[in-house]
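> You'll find entry-v1.txt just under this line, and it carries compact mmCIF, C-alpha atoms.
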# COMPACT_ATOMS: atom_id res chain seq x y z
CA MET A 1 0.00 0.00 0.00
CA LYS A 2 2.84 2.38 0.76
CA SER A 3 4.31 2.01 -2.72
CA LYS A 4 1.11 3.07 -4.51
CA PRO A 5 1.43 6.88 -3.98
CA VAL A 6 5.06 6.71 -5.10
CA SER A 7 4.07 4.72 -8.19
CA VAL A 8 1.34 7.22 -9.08
CA THR A 9 3.70 10.17 -8.56
CA LEU A 10 6.40 8.63 -10.73
CA SER A 11 3.81 7.74 -13.36
CA VAL A 12 2.62 11.36 -13.50
CA ILE A 13 6.22 12.53 -13.83
CA PHE A 14 6.73 10.00 -16.63
CA VAL A 15 3.64 11.27 -18.51
CA ILE A 16 4.66 14.92 -18.16
CA ALA A 17 8.24 14.17 -19.24
CA LEU A 18 7.06 12.11 -22.23
CA ALA A 19 4.63 14.82 -23.38
CA ALA A 20 7.39 17.42 -22.99
CA LEU A 21 9.78 15.20 -24.95
CA ILE A 22 7.32 14.76 -27.82
CA ILE A 23 6.47 18.46 -28.04
CA THR A 24 10.00 19.83 -27.71
CA GLY A 25 11.33 17.12 -30.03
CA ALA A 26 8.81 18.13 -32.68
CA ILE A 27 9.68 21.81 -32.26
CA ALA A 28 13.37 20.97 -32.60
CA ILE A 29 12.87 19.44 -36.07
CA PRO A 30 12.45 22.68 -38.07
CA ILE A 31 15.06 24.38 -35.86
CA TYR A 32 17.88 21.90 -36.37
CA CYS A 33 16.92 20.37 -39.74
CA ARG A 34 17.97 23.35 -41.85
CA PHE A 35 17.26 21.61 -45.14
CA PHE A 36 13.57 22.11 -44.35
CA TYR A 37 14.19 25.83 -44.98
CA TYR A 38 16.45 25.24 -47.98
CA TRP A 39 13.68 23.28 -49.71
CA GLN A 40 11.38 26.31 -49.49
CA ILE A 41 13.68 29.03 -50.84
CA LYS A 42 12.68 28.49 -54.47
CA PRO A 43 9.03 27.38 -54.01
CA LEU A 44 8.34 30.50 -51.91
CA GLY A 45 10.08 32.72 -54.47
CA LEU A 46 12.46 34.21 -51.90
CA GLU A 47 15.07 35.06 -54.51
CA GLU A 48 12.59 37.18 -56.47
CA VAL A 49 11.17 38.83 -53.34
CA SER A 50 14.52 39.75 -51.79
CA GLY A 51 16.71 40.19 -54.87
CA ALA A 52 19.33 37.96 -53.25
CA SER A 53 20.71 34.73 -54.69
CA TYR A 54 19.93 31.26 -53.39
CA GLU A 55 23.40 30.99 -51.82
CA GLU A 56 23.11 34.40 -50.13
CA ILE A 57 19.74 33.48 -48.64
CA LYS A 58 21.05 30.11 -47.49
CA GLU A 59 24.14 31.74 -45.94
CA ALA A 60 22.02 34.34 -44.12
CA TYR A 61 19.78 31.62 -42.68
CA ASN A 62 22.77 29.55 -41.57
CA LEU A 63 24.39 32.56 -39.87
CA LEU A 64 21.14 33.37 -38.11
CA LEU A 65 20.58 29.77 -36.95
CA ASN A 66 24.19 29.53 -35.81
CA TYR A 67 23.59 32.57 -33.62
CA LEU A 68 20.30 31.19 -32.28
CA THR A 69 21.48 27.65 -31.54
CA LEU A 70 25.24 27.70 -30.99
CA PRO A 71 27.11 29.39 -28.12
CA GLY A 72 29.55 32.23 -28.64
CA ARG A 73 28.41 33.24 -32.13
CA GLU A 74 28.27 36.85 -33.32
CA PHE A 75 24.96 38.02 -34.76
CA SER A 76 24.97 38.21 -38.55
CA VAL A 77 22.50 37.78 -41.39
CA GLY A 78 24.92 38.18 -44.27
CA VAL A 79 23.86 40.60 -47.01
CA PHE A 80 20.58 41.41 -45.26
CA LYS A 81 19.88 44.28 -42.86
CA CYS A 82 18.64 43.95 -39.31
CA SER A 83 17.83 46.78 -36.87
CA GLU A 84 18.71 46.80 -33.16
CA SER A 85 15.05 46.17 -32.38
CA ALA A 86 15.00 43.10 -34.63
CA ILE A 87 18.25 41.81 -33.13
CA ALA A 88 16.66 42.14 -29.67
CA HIS A 89 13.79 39.96 -30.89
CA PHE A 90 16.23 37.33 -32.13
CA ASP A 91 17.83 37.40 -28.68
CA ASP A 92 14.41 36.55 -27.24
CA CYS A 93 14.10 33.73 -29.78
CA LYS A 94 17.54 32.47 -28.79
CA PHE A 95 16.41 32.17 -25.18
CA LEU A 96 13.32 30.20 -26.24
CA PHE A 97 15.38 27.93 -28.52
CA ASN A 98 17.78 27.18 -25.67
CA LEU A 99 14.85 26.63 -23.31
CA ASN A 100 13.31 24.17 -25.75
CA LEU A 101 16.62 22.30 -26.04
CA GLY A 102 17.00 22.23 -22.26
CA VAL A 103 13.51 20.77 -21.77
CA LEU A 104 14.15 18.26 -24.57
CA VAL A 105 17.38 17.02 -22.98
CA GLY A 106 15.94 17.06 -19.45
CA SER A 107 12.74 15.20 -20.37
CA THR A 108 14.77 12.61 -22.32
CA ALA A 109 16.96 12.02 -19.27
CA VAL A 110 13.89 11.59 -17.03
CA ILE A 111 12.30 9.09 -19.44
CA ILE A 112 15.52 7.06 -19.68
CA VAL A 113 16.05 6.97 -15.90
CA LEU A 114 12.44 6.01 -15.12
CA GLY A 115 12.42 3.46 -17.94
CA VAL A 116 15.61 1.77 -16.71
CA LEU A 117 14.41 1.75 -13.09
CA SER A 118 11.10 0.25 -14.20
CA LYS A 119 12.85 -2.48 -16.23
CA LEU A 120 15.00 -3.31 -13.21
CA LYS A 121 11.78 -3.46 -11.14
CA ILE A 122 13.14 -0.86 -8.73
CA ILE A 123 10.06 1.27 -9.35
CA ARG A 124 6.64 0.52 -10.80
CA ILE A 125 4.97 2.65 -13.44
CA CYS A 126 1.18 2.48 -13.38
CA ARG A 127 -0.75 0.72 -16.16
CA PRO A 128 -4.34 2.06 -15.97
CA HIS A 129 -6.67 -0.54 -17.52
CA ASP A 130 -3.55 -2.34 -18.80
CA HIS A 131 -2.61 0.66 -20.95
CA SER A 132 0.98 1.89 -21.04
CA MET A 133 1.62 5.37 -19.66
CA CYS A 134 3.12 6.05 -23.11
CA THR A 135 -0.44 6.22 -24.45
CA ILE A 136 -1.42 8.68 -21.71
CA GLY A 137 1.62 10.81 -22.55
CA ALA A 138 0.67 10.70 -26.22
CA LEU A 139 -2.86 11.89 -25.45
CA VAL A 140 -1.51 14.73 -23.31
CA SER A 141 0.96 15.87 -25.99
CA VAL A 142 -1.61 15.82 -28.79
CA LEU A 143 -3.67 18.40 -26.91
CA LEU A 144 -1.20 21.12 -27.95
CA PRO A 145 -1.62 20.84 -31.75
CA VAL A 146 -5.35 20.33 -31.32
CA LEU A 147 -5.71 23.52 -29.26
CA VAL A 148 -3.47 25.46 -31.66
CA ILE A 149 -5.47 24.28 -34.67
CA ILE A 150 -8.75 25.22 -32.99
CA ALA A 151 -7.39 28.65 -32.04
CA PHE A 152 -6.05 29.44 -35.52
CA ALA A 153 -9.24 28.12 -37.14
CA ALA A 154 -11.29 30.39 -34.90
CA VAL A 155 -9.33 33.62 -35.44
CA GLY A 156 -7.46 33.02 -38.72
CA TRP A 157 -3.74 32.70 -39.39
CA ASP A 158 -2.85 36.43 -39.25
CA ARG A 159 -4.65 37.05 -35.96
CA GLY A 160 -3.41 33.75 -34.54
CA TYR A 161 0.17 34.62 -35.51
CA GLU A 162 -0.18 37.94 -33.71
CA LEU A 163 -1.68 36.32 -30.60
CA PHE A 164 1.10 33.72 -30.56
CA HIS A 165 3.77 36.44 -30.49
CA ASN A 166 1.91 38.41 -27.84
CA ILE A 167 1.85 35.30 -25.64
CA MET A 168 5.45 34.26 -26.28
CA PHE A 169 6.85 37.81 -26.11
CA PRO A 170 4.57 39.65 -23.66
CA GLY A 171 4.79 43.43 -23.66
CA LYS A 172 7.04 43.54 -26.73
CA ASP A 173 6.43 44.57 -30.31
CA ASN A 174 9.96 44.17 -31.71
CA TRP A 175 8.80 41.06 -33.57
CA GLN A 176 7.02 43.40 -36.01
CA PHE A 177 9.88 43.88 -38.47
CA SER A 178 10.26 46.67 -41.02
CA TRP A 179 10.35 45.44 -44.63
CA THR A 180 13.20 47.87 -45.46
CA ALA A 181 15.10 48.33 -42.18
CA ASP A 182 14.94 44.60 -41.41
CA SER A 183 15.31 43.10 -44.87
CA ILE A 184 15.96 39.66 -43.32
CA ILE A 185 12.19 39.35 -42.91
CA GLN A 186 11.90 39.23 -46.71
CA VAL A 187 13.35 35.70 -46.61
CA LEU A 188 11.45 34.67 -43.47
CA PRO A 189 7.85 34.92 -44.71
CA ASP A 190 4.72 33.87 -42.85
CA GLU A 191 4.37 30.90 -45.20
CA PHE A 192 7.63 29.46 -43.90
CA PHE A 193 6.47 29.69 -40.29
CA MET A 194 3.11 28.21 -41.25
CA ASN A 195 4.93 25.25 -42.80
CA CYS A 196 7.01 24.92 -39.62
CA ALA A 197 3.81 24.79 -37.57
CA ILE A 198 2.38 22.11 -39.88
CA LEU A 199 5.60 20.08 -39.61
CA ILE A 200 5.59 20.33 -35.82
CA GLY A 201 1.94 19.26 -35.64
CA CYS A 202 2.53 16.31 -37.98
CA ALA A 203 5.59 15.22 -35.99
CA ILE A 204 3.61 15.25 -32.74
CA VAL A 205 0.74 13.29 -34.27
CA ALA A 206 3.16 10.78 -35.86
CA ALA A 207 4.94 10.23 -32.53
CA ASP A 208 1.60 9.79 -30.76
CA ILE A 209 0.37 7.26 -33.32
CA GLY A 210 3.65 5.35 -32.95
CA LEU A 211 3.25 5.21 -29.17
CA VAL A 212 -0.35 4.04 -29.40
CA ILE A 213 0.64 1.29 -31.85
CA TYR A 214 3.46 0.29 -29.48
CA ASP A 215 0.98 0.10 -26.61
CA VAL A 216 -1.48 -2.03 -28.62
CA GLU A 217 1.24 -4.44 -29.76
CA SER A 218 2.64 -4.68 -26.22
CA ARG A 219 -0.81 -5.58 -24.87
CA LYS A 220 -1.14 -8.30 -27.51
CA ARG A 221 2.23 -9.77 -26.58
CA ARG A 222 1.39 -9.74 -22.88
CA ARG A 223 -1.93 -11.51 -23.51
CA LEU A 224 -0.26 -14.16 -25.67
CA LYS A 225 2.38 -14.65 -23.01
CA ASN A 226 -0.32 -15.19 -20.40
CA ILE A 227 -2.24 -17.62 -22.61
CA LYS A 228 0.71 -19.80 -23.63
CA PRO A 229 1.35 -21.37 -20.21
CA GLU A 230 -2.31 -22.37 -19.96
CA ASN A 231 -2.18 -24.02 -23.39
CA GLY A 232 1.07 -25.71 -22.47
CA GLU A 233 -0.41 -27.11 -19.28
CA LYS A 234 -3.45 -28.35 -21.19
CA ALA A 235 -1.26 -30.04 -23.79
CA GLU A 236 0.73 -31.74 -21.03
CA GLU A 237 -2.46 -33.00 -19.39
CA ASP A 238 -3.72 -34.35 -22.75
CA GLU A 239 -0.46 -36.24 -23.21
CA LYS A 240 -0.86 -37.84 -19.79
CA ASN A 241 -4.43 -38.93 -20.68
CA LEU A 242 -3.39 -40.60 -23.94
CA PRO A 243 -3.59 -44.41 -23.84
CA ALA A 244 -0.25 -46.15 -23.58
CA GLU A 245 1.10 -47.64 -26.82
CA THR A 246 1.08 -51.46 -26.98
Translate the structure of the given file into structure tokens.


Amino acid sequence: MKSKPVSVTLSVIFVIALAALIITGAIAIPIYCRFFYYWQIKPLGLEEVSGASYEEIKEAYNLLLNYLTLPGREFSVGVFKCSESAIAHFDDCKFLFNLNLGVLVGSTAVIIVLGVLSKLKIIRICRPHDHSMCTIGALVSVLLPVLVIIAFAAVGWDRGYELFHNIMFPGKDNWQFSWTADSIIQVLPDEFFMNCAILIGCAIVAADIGLVIYDVESRKRRRLKNIKPENGEKAEEDEKNLPAET
């Protein structure tokens, strides 16, 4: 009886860590997979819009992402211009990127530790109605894209984009770039960020589907494992009841 509260507490921690891992992992995909941006340079017509070449746009994006994701890098966007106000916004983004990475690494560590301790039977993770807590974590994580989709559907992309920035950067308006003073925004259009949001949502859903399938298959294996001994015992009894050969 004493172990039950501990098991429930650890199970809740496992669910929260797994949901955080799924969400931050999905967010990390468009951040660290730079080719996702490269693929969109020509389809979005960024060369025509900005007047810069494909290589100049690619270099500017790489310099910006280096600043946002790597320590000790000087801010630069190549041939493009960026005001002090815009640079301050990128500093805010850098903090959020690092926060996302920190949560991703931390939640991964928690999942690994709890998983190993559970395998070694040092702790016990709850299985409500014989369902893995992975399924619960998947259901929790899928709430984010569902809520975002509902919100954007209700207010529209432009208004939703504005609300998102007001929530993530409260009391600031430096995310509203000038087309001329902050020419970097010419190669960071709304369509790119919309595609990032779609990619993140798809990654979360794909991870959740994978976890649910894993749970279903695990339940099948456990049931078969429980049935086999009974069949084995029955077969042994049948052999004993067979008449002796003459």

> Hey, can you check how far atom CA of Ser141 of chain A sits from atom CA of Asp208 of chain A?

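Going from atom CA of Ser141 of chain A over to atom CA of Asp208 of chain A, I get 7.8 Å.
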
> I need the residue nearest Ala88 of chain A from this list: A:Glu47, A:Glu162, A:Glu55, A:Asp173. Use only C-alpha atoms for the distance.

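Looking only at the distances to Ala88 of chain A, the closest residue turns out to be A:Asp173.
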
> So which residues touch segment 68-72 of chain A within 8 Å, counting only C-alpha atoms, skipping near sequence neighbours fewer than 3 positions away, as a PDB file with C-alpha atoms, keeping the file's coordinate frame?


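What ended up in around24.pdb:
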ATOM      1  CA  LEU A  64      21.140  33.370 -38.110  1.00  0.00           C
ATOM      2  CA  LEU A  65      20.580  29.770 -36.950  1.00  0.00           C
ATOM      3  CA  PHE A  90      16.230  37.330 -32.130  1.00  0.00           C
ATOM      4  CA  ASP A  91      17.830  37.400 -28.680  1.00  0.00           C
ATOM      5  CA  CYS A  93      14.100  33.730 -29.780  1.00  0.00           C
ATOM      6  CA  LYS A  94      17.540  32.470 -28.790  1.00  0.00           C
ATOM      7  CA  PHE A  97      15.380  27.930 -28.520  1.00  0.00           C
ATOM      8  CA  ASN A  98      17.780  27.180 -25.670  1.00  0.00           C
TER       9      ASN A  98
END

> Find the residue from A:Ile204, A:Val12, A:Leu44, A:Ala60 that sits nearest to Ala138 of chain A; use all atoms listed in the file when measuring.

A:Ile204

> Find the residues near Gly201 of chain A: any atom within 12 Å, counting only C-alpha atoms, skip ones fewer than 2 places away on the same chain, and give them as a ChimeraX atom specification.

/A:22-30,141-149,194-199,203-208

> Taking all atoms listed in the file into account, name the residue in A:Leu21, A:Val8, A:Ile111, A:Ile57 that is nearest to Val187 of chain A.

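Under the stated criterion, the closest residue is A:Ile57.
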
> Within 10 Å of Tyr61 of chain A, counting all atoms listed in the file, which residues show up once you throw out same-chain ones fewer than 2 positions away? Write them as a list of chain:residue names, please.

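In the requested form, the answer reads A:Arg34, A:Tyr37, A:Tyr38, A:Glu55, A:Glu56, A:Ile57, A:Lys58, A:Glu59, A:Leu63, A:Leu64, A:Leu65, A:Asn66, A:Tyr67, A:Ser76, A:Val77, A:Gly78, A:Ile184, A:Val187, A:Leu188.
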
> Quote the spacing between atom CA of Ala19 of chain A and atom CA of Gly137 of chain A in Å to one decimal place.

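Atom-to-atom, atom CA of Ala19 of chain A and atom CA of Gly137 of chain A are spaced 5.1 Å apart.
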
> Atom CA of Ala181 of chain A and atom CA of Ser50 of chain A are how many Å apart?

12.9 Å

> Of the residues A:Val212, A:Ile13, A:Ile185, A:Ile200, which is the one nearest to Cys82 of chain A, using only C-alpha atoms?

A:Ile185

> Between A:Phe95, A:Ala86, A:Thr108, A:Arg73, which has the minimum distance to Ala20 of chain A (counting all atoms listed in the file)?

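Between A:Phe95, A:Ala86, A:Thr108, A:Arg73, the residue approaching Ala20 of chain A most closely is A:Thr108.
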
> Could you tell me which of A:Cys126, A:Phe193, A:Phe177, A:Leu114 comes closest to Phe164 of chain A if we count all atoms listed in the file?

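Selected residue with least distance to Phe164 of chain A: A:Phe193.
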
> Write segment 139-159 of chain A as a PDB file, keeping the file's coordinate frame, completed to N, CA, C and O atoms.


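Output below, filename rebuild_17.pdb:
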ATOM      1  N   LEU A 139      -1.591  11.143 -25.481  1.00  0.00           N
ATOM      2  CA  LEU A 139      -2.860  11.890 -25.450  1.00  0.00           C
ATOM      3  C   LEU A 139      -2.654  13.293 -24.890  1.00  0.00           C
ATOM      4  O   LEU A 139      -3.262  14.252 -25.370  1.00  0.00           O
ATOM      5  N   VAL A 140      -1.788  13.409 -23.892  1.00  0.00           N
ATOM      6  CA  VAL A 140      -1.510  14.730 -23.310  1.00  0.00           C
ATOM      7  C   VAL A 140      -0.805  15.617 -24.338  1.00  0.00           C
ATOM      8  O   VAL A 140      -1.151  16.787 -24.512  1.00  0.00           O
ATOM      9  N   SER A 141       0.193  15.062 -25.044  1.00  0.00           N
ATOM     10  CA  SER A 141       0.960  15.870 -25.990  1.00  0.00           C
ATOM     11  C   SER A 141       0.141  16.302 -27.189  1.00  0.00           C
ATOM     12  O   SER A 141       0.385  17.364 -27.760  1.00  0.00           O
ATOM     13  N   VAL A 142      -0.825  15.481 -27.600  1.00  0.00           N
ATOM     14  CA  VAL A 142      -1.610  15.820 -28.790  1.00  0.00           C
ATOM     15  C   VAL A 142      -2.576  16.968 -28.518  1.00  0.00           C
ATOM     16  O   VAL A 142      -3.109  17.581 -29.452  1.00  0.00           O
ATOM     17  N   LEU A 143      -2.781  17.275 -27.246  1.00  0.00           N
ATOM     18  CA  LEU A 143      -3.670  18.400 -26.910  1.00  0.00           C
ATOM     19  C   LEU A 143      -3.123  19.714 -27.461  1.00  0.00           C
ATOM     20  O   LEU A 143      -3.896  20.593 -27.854  1.00  0.00           O
ATOM     21  N   LEU A 144      -1.787  19.851 -27.490  1.00  0.00           N
ATOM     22  CA  LEU A 144      -1.200  21.120 -27.950  1.00  0.00           C
ATOM     23  C   LEU A 144      -1.548  21.417 -29.403  1.00  0.00           C
ATOM     24  O   LEU A 144      -2.114  22.489 -29.683  1.00  0.00           O
ATOM     25  N   PRO A 145      -1.246  20.520 -30.364  1.00  0.00           N
ATOM     26  CA  PRO A 145      -1.620  20.840 -31.750  1.00  0.00           C
ATOM     27  C   PRO A 145      -3.109  20.992 -31.944  1.00  0.00           C
ATOM     28  O   PRO A 145      -3.548  21.813 -32.761  1.00  0.00           O
ATOM     29  N   VAL A 146      -3.900  20.224 -31.194  1.00  0.00           N
ATOM     30  CA  VAL A 146      -5.350  20.330 -31.320  1.00  0.00           C
ATOM     31  C   VAL A 146      -5.828  21.722 -30.889  1.00  0.00           C
ATOM     32  O   VAL A 146      -6.615  22.377 -31.583  1.00  0.00           O
ATOM     33  N   LEU A 147      -5.318  22.199 -29.750  1.00  0.00           N
ATOM     34  CA  LEU A 147      -5.710  23.520 -29.260  1.00  0.00           C
ATOM     35  C   LEU A 147      -5.232  24.628 -30.198  1.00  0.00           C
ATOM     36  O   LEU A 147      -5.949  25.599 -30.439  1.00  0.00           O
ATOM     37  N   VAL A 148      -4.009  24.465 -30.730  1.00  0.00           N
ATOM     38  CA  VAL A 148      -3.470  25.460 -31.660  1.00  0.00           C
ATOM     39  C   VAL A 148      -4.305  25.510 -32.935  1.00  0.00           C
ATOM     40  O   VAL A 148      -4.647  26.589 -33.443  1.00  0.00           O
ATOM     41  N   ILE A 149      -4.660  24.341 -33.457  1.00  0.00           N
ATOM     42  CA  ILE A 149      -5.470  24.280 -34.670  1.00  0.00           C
ATOM     43  C   ILE A 149      -6.832  24.927 -34.450  1.00  0.00           C
ATOM     44  O   ILE A 149      -7.321  25.701 -35.289  1.00  0.00           O
ATOM     45  N   ILE A 150      -7.449  24.628 -33.312  1.00  0.00           N
ATOM     46  CA  ILE A 150      -8.750  25.220 -32.990  1.00  0.00           C
ATOM     47  C   ILE A 150      -8.641  26.738 -32.897  1.00  0.00           C
ATOM     48  O   ILE A 150      -9.486  27.478 -33.425  1.00  0.00           O
ATOM     49  N   ALA A 151      -7.567  27.205 -32.221  1.00  0.00           N
ATOM     50  CA  ALA A 151      -7.390  28.650 -32.040  1.00  0.00           C
ATOM     51  C   ALA A 151      -7.190  29.359 -33.382  1.00  0.00           C
ATOM     52  O   ALA A 151      -7.830  30.386 -33.661  1.00  0.00           O
ATOM     53  N   PHE A 152      -6.323  28.810 -34.226  1.00  0.00           N
ATOM     54  CA  PHE A 152      -6.050  29.440 -35.520  1.00  0.00           C
ATOM     55  C   PHE A 152      -7.270  29.347 -36.440  1.00  0.00           C
ATOM     56  O   PHE A 152      -7.529  30.266 -37.229  1.00  0.00           O
ATOM     57  N   ALA A 153      -8.022  28.252 -36.336  1.00  0.00           N
ATOM     58  CA  ALA A 153      -9.240  28.120 -37.140  1.00  0.00           C
ATOM     59  C   ALA A 153     -10.278  29.148 -36.718  1.00  0.00           C
ATOM     60  O   ALA A 153     -11.041  29.662 -37.542  1.00  0.00           O
ATOM     61  N   ALA A 154     -10.293  29.456 -35.430  1.00  0.00           N
ATOM     62  CA  ALA A 154     -11.290  30.390 -34.900  1.00  0.00           C
ATOM     63  C   ALA A 154     -10.982  31.838 -35.261  1.00  0.00           C
ATOM     64  O   ALA A 154     -11.891  32.623 -35.562  1.00  0.00           O
ATOM     65  N   VAL A 155      -9.684  32.206 -35.247  1.00  0.00           N
ATOM     66  CA  VAL A 155      -9.330  33.620 -35.440  1.00  0.00           C
ATOM     67  C   VAL A 155      -8.620  33.885 -36.769  1.00  0.00           C
ATOM     68  O   VAL A 155      -8.434  35.046 -37.144  1.00  0.00           O
ATOM     69  N   GLY A 156      -8.199  32.834 -37.467  1.00  0.00           N
ATOM     70  CA  GLY A 156      -7.460  33.020 -38.720  1.00  0.00           C
ATOM     71  C   GLY A 156      -5.962  33.061 -38.479  1.00  0.00           C
ATOM     72  O   GLY A 156      -5.505  33.332 -37.357  1.00  0.00           O
ATOM     73  N   TRP A 157      -5.188  32.795 -39.545  1.00  0.00           N
ATOM     74  CA  TRP A 157      -3.740  32.700 -39.390  1.00  0.00           C
ATOM     75  C   TRP A 157      -3.120  34.018 -38.939  1.00  0.00           C
ATOM     76  O   TRP A 157      -2.309  34.049 -38.012  1.00  0.00           O
ATOM     77  N   ASP A 158      -3.481  35.139 -39.569  1.00  0.00           N
ATOM     78  CA  ASP A 158      -2.850  36.430 -39.250  1.00  0.00           C
ATOM     79  C   ASP A 158      -3.077  36.813 -37.792  1.00  0.00           C
ATOM     80  O   ASP A 158      -2.145  37.194 -37.082  1.00  0.00           O
ATOM     81  N   ARG A 159      -4.331  36.699 -37.351  1.00  0.00           N
ATOM     82  CA  ARG A 159      -4.650  37.050 -35.960  1.00  0.00           C
ATOM     83  C   ARG A 159      -4.018  36.046 -35.003  1.00  0.00           C
ATOM     84  O   ARG A 159      -3.500  36.416 -33.947  1.00  0.00           O
TER      85      ARG A 159
END
